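**Q** I am attaching a structure below and will ask some questions about it afterwards.
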Amino acid sequence: MVSSVFQLQCSCNNYPWGRRGTESLAAVLCSKTPNTGFKVEDKEYAEMWMGDYPVLPAKSSKTGEELHKIVDENKEQLLGKKCIEKFGGVVPFLPKILSIAKALPLQIHPDKDLAQRLHAQNPDQFTDDNHKPEIAIALGPFEQIHFNNETIRSLVSTILKSDDDTIKKTQESLQQLPTEKYGKHAFILDLLPRLQNQYGSTDPGNLVALLTMNFLSLEAGDAIYVPASCPHAYLSGNIVECMARSNNVLNTGFCPRPDRDSVDLFCTDLTFSAHSPADVLLPAKKSDRGKLGKTSVYAPPMGEFDMLRVVLGEGKGEKEVLKAFGGPAVAFCVKGEGKLRGGGEELDCKEGYVFFVGAGTEVEFESEEGEGLEVYVAYAE
Ligand SMILES: [Zn+2]
């Protein structure tokens with residue numbers, strides 16, 4: 001029988017929008033796990049993945065075995081019966097750390113119906129048949145843009161289908177409008193040159209984002225919920241992201257033309273359930289999962305996971321105990337140093353350390369001298 005609490009080693013992908021070298025929190029956190037040989041080099045590091053999804057699977061730091069294999073061999077123990085019945089024999093969520101230097105592709109994640117169709121037609125590109133609603137929690141200043149109104153579907157489609165010259169000229173006209181005409185939309189004047197610098201002035205994402213979407217700027221601890229089919233583009237920052245276990249995405253802007261998916265598919269799938277920034281914010285609430293009152297929870301309106309945030313203050317010996325989960329959990333430390341106890345184990349818990357916690361296991365965190373301890377825990381039950 002495998003231990004129900006064990007440390008994971010994770011790795012990073014290198015999308016070109018990632019932050020470079022040690023500027024990338026994702027890379028720095030990856031490099032902290034001992035004995036992995038992971039060295040931060042002078043290149044882009046975008047996303048650290050902390051789940052069992054086979055594209056970039058976490059491994060046991062002790063044995064090197066991939067998490068999905070360990071889970072598969074010990075399903076009942078690690079996932080629990082209820083979770084297996086609801087989601088099958090896999091960890092139903094996928095937590096990541098993203099380090100964003102420039103805009104990610106303007107994108108939506110298909111809902112379940114469309115994901116099933118796309119996966120059946122093109123399994124190489126759409127690697128699973130699941131939906132992918134997601135949350136994003138800012139670890140520092142985080143900027144992003146987000147769709148706002150039903151009436152703009154045809155405008156979006158028109159922009160996305162325009163030729164390069166039209167896209168370019170429209171932006172030139174926008175830049176010639178007098179500043180005072182912009183009012184509360186003055187951010188457009190700041191963002192337009194920034195985005196042109198990143199993807200050029202023929203990228204339709206520049207116009208779609210600035211003319212039809214909301215601009216949001218979040219601080220550490222703020223979070224948003226992005227439902228399936230809801231268009232979004234993350235611009236800059238370090239964030240925790242967690243999503244239903246899927247890798248499906250349709251991209252139409254802020255990426256080279258050959259990487260763009262069908263505009264018609266994108267526009268047909270668009271939904272506009274969120275109209276204002278307030279509709280997408282996901283406030284943290286105090287959680288009674290923490291027995292000692294130091295835990296808050298981000299609970300998106302989806303069944304696959306909730307995300308806890310445990311914050312222990314400075315000084316030695318502050319504690320929090322999390323009641324046993326009905327299903328699997330992944331805990332990851334983004335700040336400080338201390339211990340994690342659970343399943344008969346006592347493990348060092350430091351910045352960058354990631355742990356799998358099996359169903360039915362109570363865990364205790366204790367901080368050590370220094371800057372306290374900040375741990376996120378994604379779980380399903
Ligand atoms: Zn996304």
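Identifiers in the structure tokens: chain A, B, ... in order shown; residue index from 1 per chain; ligand index from 1 in order shown.
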Run DSSP on the backbone and grab whatever in segment 195-381 of chain A lands in alpha helix (DSSP H); send it over as a ChimeraX atom specification.

**A** /A:195-199,205-212,263-269,277-280

**Q** List every residue of segment 111-324 of chain A that DSSP, applied to the backbone of this structure, places in strand (DSSP E or B), and write the result as a PyMOL selection string.

**A** chain A and resi 134-138+142-147+213-218+223-226+232-244+250-253+281+285-286+290+295-298+306-312+319-322

**Q** At a cut-off of 10 Å and counting only C-alpha atoms and all ligand atoms, what residues surround ligand 1? Please answer as a ChimeraX atom specification.

**A** /A:104-109,132-136,226-234,241-243,247-251

**Q** Mind checking which residues fall within 6 Å of segment 5-7 of chain A, counting only C-alpha atoms, ignoring those fewer than 4 positions away in the same chain, and posting them as a count of residues only?

**A** 6

**Q** Would you list the contacts of Cys83 of chain A as a PyMOL selection string, taking every protein, DNA or RNA residue within 7 Å and counting only C-alpha atoms, but skipping same-chain residues closer than 3 positions in sequence?

**A** chain A and resi 79-80+86-87+327+381

**Q** Store the residues of this selection in a file with N, CA and C atoms, as a compact mmCIF listing (two decimals), in the first residue's frame.

**A**
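Result written to part-v6.txt:
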```txt
# COMPACT_ATOMS: atom_id res chain seq x y z
N LEU A 79 -8.17 7.98 -4.29
CA LEU A 79 -9.25 8.83 -4.81
C LEU A 79 -10.52 8.74 -3.98
N GLY A 80 -10.75 7.59 -3.36
CA GLY A 80 -12.00 7.39 -2.63
C GLY A 80 -13.12 6.97 -3.58
N LYS A 86 -17.94 9.61 -9.43
CA LYS A 86 -18.29 10.88 -10.07
C LYS A 86 -17.41 11.19 -11.29
N PHE A 87 -16.11 10.93 -11.17
CA PHE A 87 -15.18 11.44 -12.18
C PHE A 87 -14.33 10.37 -12.85
N GLY A 327 -12.03 13.10 -1.11
CA GLY A 327 -11.37 12.67 -2.35
C GLY A 327 -9.91 13.11 -2.34
N GLU A 381 -14.23 16.12 -3.83
CA GLU A 381 -14.90 15.09 -3.02
C GLU A 381 -16.36 14.96 -3.42
```

**Q** Can you tell me which residues surround Gly336 of chain A at a distance of at most 7 Å, considering only C-alpha atoms, apart from same-chain residues fewer than 3 positions away, and format the answer as a PyMOL selection string?

**A** chain A and resi 350-351+371-374

**Q** Take the residues from that selection and put them in a file with C-alpha atoms, as a PDB file, in the first residue's frame.

**A**
```
ATOM      1  CA  LYS A 350       8.872  24.699   1.789  1.00  0.00           C
ATOM      2  CA  GLU A 351       8.337  27.156  -1.032  1.00  0.00           C
ATOM      3  CA  GLU A 371       8.277  34.376   6.871  1.00  0.00           C
ATOM      4  CA  GLY A 372       5.405  32.058   7.869  1.00  0.00           C
ATOM      5  CA  LEU A 373       3.798  29.583   5.481  1.00  0.00           C
ATOM      6  CA  GLU A 374       1.383  29.962   2.556  1.00  0.00           C
TER       7      GLU A 374
END
```

**Q** Need to verify the contact set: segment 158-167 of chain A, 12 Å, only C-alpha atoms, exclusion of same-chain residues closer than 6 positions in sequence. Can you return it as a VMD selection string?

**A** chain A and resid 106 152 173 to 174 196 200 to 212 251 to 254 257 260 to 267

**Q** Next, dump the selected residues to file, keeping only C-alpha atoms, as a PDB file, in the first residue's frame.

**A**
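Generated file (out-v4.pdb):
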```pdb
ATOM      1  CA  LEU A 106      -7.113  34.983 -26.710  1.00  0.00           C
ATOM      2  CA  ILE A 152     -20.779  41.810 -29.864  1.00  0.00           C
ATOM      3  CA  SER A 173      -7.620  55.324 -36.410  1.00  0.00           C
ATOM      4  CA  LEU A 174      -8.140  54.340 -32.757  1.00  0.00           C
ATOM      5  CA  GLN A 196       1.133  45.678 -30.698  1.00  0.00           C
ATOM      6  CA  GLY A 200       2.374  42.985 -34.039  1.00  0.00           C
ATOM      7  CA  SER A 201      -0.301  45.345 -35.323  1.00  0.00           C
ATOM      8  CA  THR A 202      -1.965  42.765 -37.600  1.00  0.00           C
ATOM      9  CA  ASP A 203      -3.081  40.503 -34.735  1.00  0.00           C
ATOM     10  CA  PRO A 204      -6.911  40.657 -34.498  1.00  0.00           C
ATOM     11  CA  GLY A 205      -6.621  39.998 -30.735  1.00  0.00           C
ATOM     12  CA  ASN A 206      -5.606  43.642 -30.239  1.00  0.00           C
ATOM     13  CA  LEU A 207      -8.996  44.888 -31.480  1.00  0.00           C
ATOM     14  CA  VAL A 208     -11.185  42.112 -30.078  1.00  0.00           C
ATOM     15  CA  ALA A 209      -9.634  42.481 -26.621  1.00  0.00           C
ATOM     16  CA  LEU A 210      -9.695  46.254 -26.394  1.00  0.00           C
ATOM     17  CA  LEU A 211     -13.026  46.966 -28.087  1.00  0.00           C
ATOM     18  CA  THR A 212     -15.173  44.129 -26.785  1.00  0.00           C
ATOM     19  CA  ASN A 251      -7.208  30.149 -29.798  1.00  0.00           C
ATOM     20  CA  THR A 252      -7.988  33.037 -32.166  1.00  0.00           C
ATOM     21  CA  GLY A 253      -5.673  35.921 -31.311  1.00  0.00           C
ATOM     22  CA  PHE A 254      -2.365  36.805 -29.638  1.00  0.00           C
ATOM     23  CA  ARG A 257      -1.857  32.918 -37.794  1.00  0.00           C
ATOM     24  CA  ARG A 260      -5.317  30.128 -34.740  1.00  0.00           C
ATOM     25  CA  ASP A 261      -8.356  27.859 -34.642  1.00  0.00           C
ATOM     26  CA  SER A 262     -11.540  28.252 -36.701  1.00  0.00           C
ATOM     27  CA  VAL A 263     -13.188  31.652 -36.175  1.00  0.00           C
ATOM     28  CA  ASP A 264     -16.631  30.176 -36.874  1.00  0.00           C
ATOM     29  CA  LEU A 265     -16.138  27.459 -34.246  1.00  0.00           C
ATOM     30  CA  PHE A 266     -14.869  30.032 -31.750  1.00  0.00           C
ATOM     31  CA  CYS A 267     -17.760  32.422 -32.362  1.00  0.00           C
TER      32      CYS A 267
END
```

**Q** Need to verify the contact set: Val91 of chain A, 8 Å, only C-alpha atoms, exclusion of same-chain residues closer than 5 positions in sequence. Can you return it as a ChimeraX atom specification?

**A** /A:51-52,71,79,245,328

**Q** In Å, with one decimal, what is the gap from atom CA of Leu139 of chain A to atom CA of Val55 of chain A?

**A**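 Between these atoms lies a distance of 24.9 Å.
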
**Q** For the atom pair atom CA of Ser157 of chain A and atom CA of Ile100 of chain A, what is the interatomic distance in Å to one decimal place?

**A**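 It comes out at 26.8 Å.
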
**Q** Could you please determine the separation between atom CA of Gln125 of chain A and atom CA of Pro258 of chain A in Å, to one decimal place?

**A**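 Value for the atom CA of Gln125 of chain A-atom CA of Pro258 of chain A distance: 13.5 Å.
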
**Q** Pick the closest to Ser236 of chain A from A:Phe93, A:Phe305, A:Phe332, A:Phe142: which is it, counting only C-alpha atoms?

**A** A:Phe142
